[in-house]
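**Q** Here you go, query.txt (compact mmCIF, C-alpha atoms):
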# COMPACT_ATOMS: atom_id res chain seq x y z
CA MET A 1 -44.47 -16.83 -50.11
CA PHE A 2 -45.39 -20.50 -50.20
CA SER A 3 -46.51 -21.96 -53.52
CA ARG A 4 -49.54 -24.23 -53.63
CA ARG A 5 -47.27 -27.21 -53.22
CA LYS A 6 -43.77 -26.58 -51.90
CA LYS A 7 -40.86 -28.91 -51.18
CA ILE A 8 -39.29 -28.15 -47.81
CA LEU A 9 -35.93 -29.51 -46.77
CA PHE A 10 -35.86 -31.08 -43.32
CA ALA A 11 -32.89 -32.57 -41.49
CA GLY A 12 -34.11 -36.05 -42.40
CA GLY A 13 -34.57 -35.40 -46.12
CA THR A 14 -37.14 -33.81 -48.41
CA ALA A 15 -40.88 -33.88 -47.77
CA ALA A 16 -43.72 -32.52 -49.86
CA LEU A 17 -46.27 -30.60 -47.82
CA THR A 18 -49.28 -28.60 -48.82
CA LEU A 19 -49.58 -25.02 -47.64
CA SER A 20 -52.41 -25.97 -45.30
CA ALA A 21 -50.25 -28.68 -43.70
CA VAL A 22 -47.42 -26.21 -43.14
CA LEU A 23 -49.72 -23.66 -41.54
CA THR A 24 -51.31 -26.36 -39.38
CA ALA A 25 -47.87 -27.46 -38.19
CA VAL A 26 -46.82 -23.87 -37.43
CA ALA A 27 -50.06 -23.28 -35.53
CA GLY A 28 -49.54 -26.47 -33.57
CA ASN A 29 -46.01 -25.48 -32.61
CA GLN A 30 -47.25 -22.05 -31.51
CA ALA A 31 -50.00 -23.65 -29.44
CA GLN A 32 -47.43 -25.88 -27.75
CA ALA A 33 -45.27 -22.82 -27.02
CA ASP A 34 -48.28 -20.99 -25.59
CA ASP A 35 -49.10 -23.97 -23.37
CA LEU A 36 -45.53 -24.31 -22.10
CA VAL A 37 -45.43 -22.98 -18.53
CA THR A 38 -42.08 -21.51 -17.52
CA HIS A 39 -43.34 -18.85 -15.10
CA HIS A 40 -46.31 -18.26 -12.82
CA GLU A 41 -45.95 -14.71 -11.54
CA PHE A 42 -46.77 -11.05 -11.78
CA GLN A 43 -44.80 -7.96 -10.81
CA VAL A 44 -45.51 -5.18 -8.37
CA ASN A 45 -43.41 -2.05 -8.96
CA CYS A 46 -43.20 0.61 -6.25
CA THR A 47 -40.98 3.58 -5.39
CA VAL A 48 -39.66 4.47 -1.93
CA ASN A 49 -42.04 6.94 -0.29
CA HIS A 50 -40.45 7.67 3.07
CA ARG A 51 -37.95 6.44 5.66
CA ALA A 52 -38.56 6.18 9.39
CA ASN A 53 -37.44 4.34 12.53
CA ASP A 54 -40.78 2.53 12.59
CA ASP A 55 -41.98 -1.05 12.22
CA PRO A 56 -45.74 -1.47 12.71
CA ILE A 57 -45.43 -5.27 12.79
CA VAL A 58 -42.54 -5.72 15.24
CA PHE A 59 -43.02 -2.48 17.22
CA PRO A 60 -46.69 -1.51 16.80
CA ASN A 61 -47.60 1.92 18.22
CA MET A 62 -43.97 2.51 19.22
CA PRO A 63 -42.69 5.28 16.92
CA GLY A 64 -38.91 5.45 16.69
CA ALA A 65 -38.38 2.05 18.35
CA SER A 66 -36.88 0.36 15.29
CA HIS A 67 -33.81 0.86 13.14
CA GLU A 68 -34.57 2.89 10.03
CA HIS A 69 -36.68 1.33 7.28
CA SER A 70 -37.43 2.43 3.73
CA PHE A 71 -41.15 2.19 2.99
CA VAL A 72 -42.77 1.54 -0.39
CA GLY A 73 -46.40 1.09 -1.28
CA ASN A 74 -48.92 2.69 1.07
CA LYS A 75 -47.97 6.31 1.75
CA THR A 76 -49.47 6.33 5.25
CA THR A 77 -47.38 3.53 6.79
CA ASN A 78 -46.06 4.35 10.25
CA ALA A 79 -45.76 2.76 13.69
CA ALA A 80 -49.54 2.91 14.22
CA THR A 81 -50.47 1.23 10.92
CA THR A 82 -53.40 -1.19 10.90
CA LEU A 83 -55.42 -2.76 8.10
CA ASP A 84 -58.08 -0.09 8.59
CA SER A 85 -55.54 2.74 8.36
CA LEU A 86 -54.02 1.26 5.19
CA ASN A 87 -57.44 1.07 3.56
CA ALA A 88 -58.74 4.44 4.80
CA PRO A 89 -57.25 6.76 2.13
CA GLY A 90 -58.61 4.67 -0.76
CA PRO A 91 -57.10 3.96 -4.21
CA TYR A 92 -54.02 5.85 -5.41
CA SER A 93 -52.67 6.26 -1.86
CA THR A 94 -49.68 4.16 -2.86
CA THR A 95 -46.37 4.51 -4.67
CA CYS A 96 -47.03 1.23 -6.52
CA LEU A 97 -48.16 1.26 -10.15
CA ASN A 98 -51.31 -0.61 -9.08
CA PRO A 99 -53.59 2.02 -7.43
CA ASP A 100 -55.52 -0.73 -5.62
CA ASP A 101 -52.47 -2.21 -3.93
CA LEU A 102 -52.59 -0.38 -0.60
CA SER A 103 -50.21 -2.88 0.99
CA ALA A 104 -47.16 -1.76 2.94
CA TYR A 105 -43.68 -3.09 2.14
CA TRP A 106 -40.48 -2.09 3.91
CA TRP A 107 -36.82 -3.04 4.40
CA PRO A 108 -33.76 -1.64 6.25
CA THR A 109 -32.34 1.52 4.78
CA MET A 110 -28.85 1.26 3.28
CA PHE A 111 -26.26 3.82 4.38
CA ARG A 112 -22.90 4.72 2.90
CA GLY A 113 -19.90 6.60 4.19
CA ALA A 114 -17.80 6.76 7.33
CA GLY A 115 -18.81 8.93 10.25
CA THR A 116 -22.08 10.62 9.35
CA SER A 117 -23.45 8.10 6.87
CA GLN A 118 -25.86 9.11 4.15
CA PRO A 119 -28.77 6.93 2.99
CA VAL A 120 -28.36 5.39 -0.45
CA GLN A 121 -31.19 6.95 -2.45
CA GLN A 122 -33.48 4.55 -4.32
CA THR A 123 -35.25 6.72 -6.86
CA TRP A 124 -36.74 4.20 -9.29
CA HIS A 125 -39.41 1.50 -9.07
CA GLN A 126 -38.33 -1.49 -7.03
CA THR A 127 -39.62 -4.91 -8.11
CA ILE A 128 -41.58 -7.31 -5.93
CA TYR A 129 -42.58 -10.56 -7.60
CA TYR A 130 -45.72 -12.46 -6.66
CA LYS A 131 -45.03 -16.08 -7.63
CA SER A 132 -46.01 -19.65 -6.92
CA GLY A 133 -43.80 -21.23 -4.30
CA ILE A 134 -45.28 -24.68 -4.91
CA LEU A 135 -45.27 -27.00 -7.91
CA ASP A 136 -49.07 -26.99 -8.21
CA TYR A 137 -49.24 -23.31 -9.15
CA ALA A 138 -52.97 -23.55 -9.94
CA ALA A 139 -53.64 -24.13 -6.21
CA VAL A 140 -52.25 -20.77 -5.07
CA ARG A 141 -54.86 -18.44 -3.53
CA PRO A 142 -54.68 -14.70 -2.71
CA PHE A 143 -53.48 -13.41 0.65
CA PRO A 144 -56.26 -12.81 3.16
CA PRO A 145 -56.72 -9.11 4.02
CA GLY A 146 -54.49 -8.08 6.91
CA LEU A 147 -51.97 -10.92 6.62
CA ARG A 148 -48.55 -9.68 7.68
CA TYR A 149 -45.15 -11.20 8.33
CA VAL A 150 -41.41 -10.61 8.50
CA VAL A 151 -38.92 -12.35 6.19
CA GLY A 152 -35.31 -12.80 7.27
CA SER A 153 -33.85 -11.46 10.52
CA PRO A 154 -31.82 -8.41 11.56
CA SER A 155 -29.98 -10.70 14.00
CA ALA A 156 -29.07 -13.38 11.43
CA THR A 157 -25.51 -14.61 11.14
CA LEU A 158 -23.82 -14.97 7.78
CA ASP A 159 -24.33 -18.73 7.86
CA GLN A 160 -28.00 -18.40 8.77
CA PHE A 161 -28.50 -16.00 5.89
CA ARG A 162 -26.57 -18.25 3.49
CA THR A 163 -28.57 -21.34 4.38
CA SER A 164 -31.96 -19.68 4.61
CA PRO A 165 -34.62 -21.24 2.35
CA GLY A 166 -35.51 -17.69 1.32
CA ALA A 167 -32.08 -16.71 0.01
CA VAL A 168 -31.96 -16.89 -3.79
CA GLU A 169 -28.99 -14.96 -5.10
CA GLY A 170 -27.76 -13.13 -2.02
CA TRP A 171 -26.08 -9.85 -2.91
CA GLU A 172 -24.86 -9.24 -6.43
CA CYS A 173 -23.29 -6.53 -8.54
CA GLY A 174 -21.86 -6.85 -12.02
CA ASP A 175 -20.66 -10.43 -12.47
CA SER A 176 -20.27 -10.99 -8.73
CA THR A 177 -23.15 -13.12 -7.42
CA HIS A 178 -24.11 -15.27 -4.43
CA ASN A 179 -22.47 -12.97 -1.91
CA TRP A 180 -23.77 -13.56 1.59
CA ASP A 181 -22.36 -10.24 2.71
CA PHE A 182 -21.62 -7.11 0.68
CA PRO A 183 -18.83 -7.59 -1.87
CA SER A 184 -15.91 -5.23 -1.36
CA ASN A 185 -16.12 -3.71 -4.83
CA CYS A 186 -18.75 -3.23 -7.54
CA PRO A 187 -17.83 -2.27 -11.12
CA ALA A 188 -18.53 1.32 -12.09
CA GLY A 189 -22.09 1.80 -13.26
CA THR A 190 -23.46 -1.30 -11.52
CA GLN A 191 -25.60 -1.49 -8.38
CA LEU A 192 -26.02 -3.70 -5.37
CA ASN A 193 -29.00 -6.02 -5.86
CA ILE A 194 -30.60 -8.38 -3.38
CA ARG A 195 -33.13 -11.19 -3.95
CA TYR A 196 -34.83 -12.97 -1.10
CA GLN A 197 -37.90 -15.22 -1.14
CA ALA A 198 -40.69 -15.27 1.43
CA PRO A 199 -42.50 -18.33 2.79
CA SER A 200 -45.65 -19.11 0.81
CA CYS A 201 -47.65 -21.50 2.99
CA TRP A 202 -50.14 -20.08 5.52
CA ASN A 203 -51.62 -21.91 8.52
CA GLY A 204 -55.11 -20.67 7.57
CA ARG A 205 -55.83 -19.17 11.00
CA ASP A 206 -53.54 -16.37 12.06
CA LEU A 207 -52.95 -13.07 10.30
CA ASP A 208 -49.91 -12.61 12.56
CA THR A 209 -48.15 -14.48 15.36
CA PRO A 210 -45.94 -13.26 18.24
CA ASP A 211 -42.72 -13.92 16.31
CA HIS A 212 -44.34 -12.63 13.07
CA LYS A 213 -43.22 -15.79 11.27
CA SER A 214 -44.80 -18.95 12.75
CA HIS A 215 -48.08 -18.58 10.86
CA MET A 216 -46.09 -18.90 7.62
CA ALA A 217 -43.88 -21.73 6.35
CA TYR A 218 -41.76 -22.56 3.33
CA PRO A 219 -42.88 -25.39 1.02
CA VAL A 220 -41.33 -28.81 1.47
CA ASN A 221 -40.51 -30.72 -1.73
CA GLY A 222 -42.71 -28.34 -3.71
CA SER A 223 -45.81 -28.65 -1.50
CA CYS A 224 -47.17 -26.93 1.60
CA PRO A 225 -46.69 -28.90 4.84
CA SER A 226 -49.78 -30.18 6.68
CA SER A 227 -49.19 -27.62 9.45
CA HIS A 228 -49.51 -24.78 6.90
CA PRO A 229 -51.73 -26.25 4.17
CA ASN A 230 -52.79 -23.04 2.42
CA PRO A 231 -50.62 -21.93 -0.53
CA VAL A 232 -50.49 -18.15 -1.01
CA PRO A 233 -48.31 -16.07 -3.35
CA MET A 234 -44.60 -16.33 -2.75
CA LEU A 235 -43.10 -12.83 -2.55
CA GLU A 236 -39.63 -12.34 -3.95
CA PHE A 237 -38.18 -8.92 -3.30
CA LYS A 238 -35.67 -7.83 -5.95
CA ILE A 239 -34.28 -4.62 -4.52
CA ALA A 240 -31.62 -2.42 -6.12
CA PHE A 241 -29.32 0.06 -4.40
CA PRO A 242 -27.25 2.43 -6.59
CA ALA A 243 -23.85 1.78 -5.05
CA ASP A 244 -20.68 1.04 -7.03
CA GLY A 245 -16.90 1.28 -6.73
CA ASN A 246 -15.41 0.52 -3.33
CA VAL A 247 -18.41 -0.44 -1.21
CA THR A 248 -16.63 -1.36 2.01
CA ASP A 249 -18.34 1.66 3.60
CA VAL A 250 -21.84 0.34 2.89
CA ARG A 251 -24.07 -0.94 5.69
CA LEU A 252 -27.72 -1.60 6.37
CA ALA A 253 -29.56 0.12 9.21
CA SER A 254 -29.69 -3.37 10.75
CA GLY A 255 -25.97 -4.12 10.20
CA ARG A 256 -24.04 -6.19 7.68
CA GLY A 257 -25.48 -7.54 4.42
CA TYR A 258 -26.57 -10.81 6.01
CA THR A 259 -28.99 -8.94 8.31
CA TRP A 260 -31.19 -8.24 5.28
CA HIS A 261 -34.91 -8.66 5.99
CA TYR A 262 -38.22 -7.19 4.94
CA ASP A 263 -41.81 -6.83 6.09
CA PHE A 264 -45.15 -7.19 4.30
CA PHE A 265 -48.63 -6.06 5.39
CA ASN A 266 -51.35 -7.03 2.91
CA ALA A 267 -53.99 -4.43 2.03
CA TRP A 268 -54.76 -5.25 -1.60
CA ASP A 269 -58.21 -4.61 -3.02
CA VAL A 270 -59.64 -8.13 -2.81
CA PRO A 271 -61.05 -8.47 -6.39
CA THR A 272 -57.89 -6.97 -7.96
CA LEU A 273 -55.48 -9.32 -6.19
CA ALA A 274 -57.76 -12.27 -6.95
CA ALA A 275 -57.82 -11.38 -10.66
CA LEU A 276 -54.02 -11.12 -10.87
CA VAL A 277 -53.45 -14.38 -8.96
CA ASN A 278 -55.99 -16.23 -11.10
CA HIS A 279 -54.78 -14.90 -14.46
CA CYS A 280 -51.02 -14.82 -13.89
CA ILE A 281 -50.06 -17.31 -11.17
CA ASN A 282 -52.78 -19.91 -11.67
CA GLY A 283 -52.63 -19.31 -15.44
CA GLY A 284 -48.90 -20.01 -15.68
CA LEU A 285 -47.94 -16.61 -17.08
CA GLN A 286 -45.09 -14.12 -16.70
CA CYS A 287 -47.07 -10.93 -16.14
CA ASN A 288 -46.20 -7.29 -15.70
CA SER A 289 -48.12 -5.05 -13.30
CA ARG A 290 -51.09 -4.94 -15.68
CA GLY A 291 -51.36 -8.72 -15.77
CA PHE A 292 -50.00 -8.96 -19.32
CA ASP A 293 -47.53 -11.57 -20.55
CA LEU A 294 -45.41 -10.06 -23.31
CA TYR A 295 -44.52 -13.53 -24.60
CA LYS A 296 -48.11 -14.76 -24.69
CA PRO A 297 -50.11 -11.72 -25.80
CA ASN A 298 -53.02 -13.89 -26.96
CA ARG A 299 -53.78 -14.65 -23.28
CA GLY A 300 -54.92 -11.08 -22.74
CA GLN A 301 -54.45 -8.45 -20.04
CA VAL A 302 -56.28 -8.64 -16.73
CA LEU A 303 -56.09 -4.95 -15.78
CA GLY A 304 -56.63 -1.86 -17.87
CA ASP A 305 -53.91 0.54 -18.95
CA ASN A 306 -54.62 2.46 -15.72
CA TYR A 307 -53.57 -0.68 -13.78
CA ARG A 308 -57.14 -1.11 -12.50
CA LEU A 309 -59.88 -3.65 -13.12
CA PRO A 310 -61.96 -2.79 -16.21
CA GLY A 311 -64.66 -0.23 -15.46
CA ARG A 312 -62.75 1.49 -12.66
CA PRO A 313 -61.65 5.09 -13.35
Please render this file's structure as structure tokens.

**A**
Amino acid sequence: MFSRRKKILFAGGTAALTLSAVLTAVAGNQAQADDLVTHHEFQVNCTVNHRANDDPIVFPNMPGASHEHSFVGNKTTNAATTLDSLNAPGPYSTTCLNPDDLSAYWWPTMFRGAGTSQPVQQTWHQTIYYKSGILDYAAVRPFPPGLRYVVGSPSATLDQFRTSPGAVEGWECGDSTHNWDFPSNCPAGTQLNIRYQAPSCWNGRDLDTPDHKSHMAYPVNGSCPSSHPNPVPMLEFKIAFPADGNVTDVRLASGRGYTWHYDFFNAWDVPTLAALVNHCINGGLQCNSRGFDLYKPNRGQVLGDNYRLPGRP
């Protein structure tokens, strides 16, 4: 407990400060810490709902035409998926913690074993970060309804994957990181993780394009290029596969580790996504799925404990 007038030893000597001065200094330091922006993101956490040889972006209305994908988010996603079909079931028709995120997310299934391979089961929530991909994080705006795109390529070479602007860590397990293909061995009890960033600049016109990529672009020097001037959230998939030991028998449905890719089809409730983008990305916070920053609790929580906007059941 401070006395009314207490001598405090600093590195530069001894200074006499009143209690009020000490508390003012502490408050000032805390305010500076609260104002320090180290992140501008929120998390979406979803479990795998089903697997199918479908891809409603690349092969719309062609069931079975694709290699196998693992689908998270909207439970209805199939080859015939449209924005209307994603929205039709209403809230809670998703495996994501946020009931109003009816978006569809999918990636190639991982298999393991020689001969008749078995899918590697992903039984826990996978993490998808919504971040700012530009330096001016306050300028990021929500995705328009129906925006969809593909990140990465099932036909990529190892060098294309390694040099992609979306590759962050590549494949990792234990202390082994920046692998552009699967490592040959993972320590017991670890898992294969993959991080890969999406482009975050939209051309402002097209919800999709024939190659499912050209309407999106990566930032250049921290800003969106003039051809794609609209900054939207940058998705970063952080996906975990429980595979350890000798993993030379692991493959993706699309091939080797460098064929990693994923698809996104936006069907968020418009006010909910806007609230999370405004509070967490524009506000310079590191939020969980409720829009709460554990390190800056004084900034509040944008969604209720039911992961919905206040007033929604």

**Q** With all atoms listed in the file as the basis for distance, which of A:His178, A:His40, A:Arg299, A:Lys75 is at the shortest distance from Pro91 of chain A?

**A** A:Lys75

**Q** Restrict the calculation to only C-alpha atoms, then for each residue of segment 151-257 of chain A with any atom at most 12 Å from an atom of segment 41-55 of chain A give the closest atom pair and their distance in Å to one decimal, rows by chain and rising residue number, as a tab-separated table.

**A**
residue	atom	partner	partner_atom	distance
A:His212	CA	A:Asp55	CA	11.8
A:Val232	CA	A:Glu41	CA	12.0
A:Pro233	CA	A:Glu41	CA	8.6
A:Met234	CA	A:Glu41	CA	9.0
A:Leu235	CA	A:Glu41	CA	9.6
A:Glu236	CA	A:Gln43	CA	9.6
A:Phe237	CA	A:Val44	CA	9.7
A:Lys238	CA	A:Asn45	CA	10.1
A:Ile239	CA	A:Asn45	CA	10.5
A:Ala240	CA	A:Thr47	CA	11.1
A:Phe241	CA	A:Val48	CA	11.5
A:Ala253	CA	A:Asn53	CA	9.5
A:Ser254	CA	A:Asn53	CA	11.1

**Q** For each of A:Asn298, A:Thr190, A:Asn266, A:Thr248, take the minimum atom-to-atom distance to Asp101 of chain A, counting all atoms listed in the file, then give the residue where this is smallest.

**A** A:Asn266

**Q** Counting all atoms listed in the file, which of A:Asp159, A:Asp244, A:Asp136, A:Glu68 gets nearest to Leu192 of chain A?

**A**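 The shortest atom-to-atom distance to Leu192 of chain A comes from A:Asp244.
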
**Q** Return the single residue from A:Pro187, A:Gly152, A:Gly146, A:Pro165 that is closest to Asp211 of chain A, with distances computed using all atoms listed in the file.

**A**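 The shortest atom-to-atom distance to Asp211 of chain A comes from A:Gly152.
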
**Q** Have a look at atom CA of Pro154 of chain A and atom CA of Arg251 of chain A and let me know their distance in Å, one decimal.

**A** 12.3 Å

**Q** Dump as a PyMOL selection string all residues having an atom at most 10 Å from (-51.7, -5.3, 5.1), computed in the file's coordinates with all atoms listed in the file.

**A** chain A and resi 57+74+77+81-87+101-105+143-149+207+264-268

**Q** When you look at segment 302-312 of chain A with a cut-off of 8 Å (counting only C-alpha atoms), what residues show up, excluding the ones that are within fewer than 2 positions of it in the same chain? I need them as a ChimeraX atom specification.

**A** /A:97-100,272,275-276,279,289-292,300

**Q** At what distance in Å, to one decimal, does atom CA of Leu158 of chain A lie from atom CA of Trp171 of chain A?

**A**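 Distance reported for this atom pair: 12.1 Å.
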
**Q** Using only C-alpha atoms, pick whichever of A:Tyr262, A:Asp208, A:Asp181, A:Trp202 has the shortest atom-to-atom distance to Ser223 of chain A.

**A**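 Distance minimum relative to Ser223 of chain A lands on A:Trp202.
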
**Q** Skipping near chain neighbours, those fewer than 4 positions away, what residues fall within 10 Å of Glu169 of chain A using only C-alpha atoms, listed as an MDAnalysis selection string?

**A** chainID A and resid 162 177:180 193:197 238

**Q** Between atom CA of Phe59 of chain A and atom CA of Ser153 of chain A, measure the distance and give it in Å to one decimal.

**A**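 Straight-line distance from atom CA of Phe59 of chain A to atom CA of Ser153 of chain A works out to 14.5 Å.
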
**Q** Excluding same-chain residues fewer than 4 positions from Asn185 of chain A, what lies within 6 Å of it counting only C-alpha atoms, as a JSON list (two decimals) with C-alpha atoms, in the frame of the given file?

**A**
[["chain", "number", "residue", "atom", "x", "y", "z"],
["A", 245, "GLY", "CA", -16.90, 1.28, -6.73],
["A", 246, "ASN", "CA", -15.41, 0.52, -3.33],
["A", 247, "VAL", "CA", -18.41, -0.44, -1.21]]

**Q** Write a file for segment 299-313 of chain A, containing N, CA, C and O atoms (output as a CSV table (one decimal), in the first residue's frame).

**A**
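Resulting contents of selection-v7.csv:
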chain,number,residue,atom,x,y,z
A,299,ARG,N,-12.6,-2.6,-23.9
A,299,ARG,CA,-13.1,-2.2,-25.2
A,299,ARG,C,-14.5,-2.9,-25.4
A,299,ARG,O,-15.2,-2.5,-26.4
A,300,GLY,N,-14.9,-3.8,-24.6
A,300,GLY,CA,-16.2,-4.4,-24.7
A,300,GLY,C,-16.3,-5.6,-25.6
A,300,GLY,O,-15.3,-6.0,-26.2
A,301,GLN,N,-17.5,-6.1,-25.8
A,301,GLN,CA,-17.7,-7.3,-26.6
A,301,GLN,C,-18.9,-7.0,-27.5
A,301,GLN,O,-19.9,-6.5,-27.1
A,302,VAL,N,-18.7,-7.3,-28.8
A,302,VAL,CA,-19.6,-6.8,-29.8
A,302,VAL,C,-20.9,-7.8,-29.9
A,302,VAL,O,-22.0,-7.3,-30.2
A,303,LEU,N,-20.7,-9.0,-29.6
A,303,LEU,CA,-21.8,-10.0,-29.7
A,303,LEU,C,-22.1,-10.5,-28.3
A,303,LEU,O,-21.2,-10.4,-27.4
A,304,GLY,N,-23.2,-11.1,-28.1
A,304,GLY,CA,-23.6,-11.6,-26.8
A,304,GLY,C,-23.0,-13.0,-26.6
A,304,GLY,O,-22.3,-13.5,-27.5
A,305,ASP,N,-23.2,-13.5,-25.4
A,305,ASP,CA,-22.6,-14.8,-25.1
A,305,ASP,C,-23.2,-16.0,-26.0
A,305,ASP,O,-22.6,-17.1,-26.0
A,306,ASN,N,-24.3,-15.7,-26.7
A,306,ASN,CA,-24.8,-16.6,-27.7
A,306,ASN,C,-24.2,-16.4,-29.1
A,306,ASN,O,-24.7,-17.0,-30.0
A,307,TYR,N,-23.2,-15.6,-29.2
A,307,TYR,CA,-22.5,-15.3,-30.4
A,307,TYR,C,-23.4,-14.5,-31.4
A,307,TYR,O,-23.1,-14.5,-32.6
A,308,ARG,N,-24.4,-13.8,-30.9
A,308,ARG,CA,-25.3,-13.1,-31.8
A,308,ARG,C,-25.4,-11.6,-31.3
A,308,ARG,O,-25.0,-11.3,-30.2
A,309,LEU,N,-25.8,-10.8,-32.2
A,309,LEU,CA,-26.0,-9.4,-31.9
A,309,LEU,C,-27.0,-9.2,-30.7
A,309,LEU,O,-27.9,-10.0,-30.6
A,310,PRO,N,-26.7,-8.3,-29.8
A,310,PRO,CA,-27.6,-8.1,-28.7
A,310,PRO,C,-29.1,-8.0,-29.1
A,310,PRO,O,-29.4,-7.4,-30.1
A,311,GLY,N,-30.0,-8.7,-28.4
A,311,GLY,CA,-31.4,-8.7,-28.7
A,311,GLY,C,-31.9,-9.8,-29.5
A,311,GLY,O,-33.1,-10.1,-29.7
A,312,ARG,N,-30.9,-10.6,-30.1
A,312,ARG,CA,-31.3,-11.7,-30.9
A,312,ARG,C,-31.3,-13.0,-30.0
A,312,ARG,O,-30.3,-13.2,-29.3
A,313,PRO,N,-32.3,-13.8,-30.1
A,313,PRO,CA,-32.4,-15.0,-29.2
A,313,PRO,C,-31.3,-16.1,-29.6
A,313,PRO,O,-30.8,-16.1,-30.7
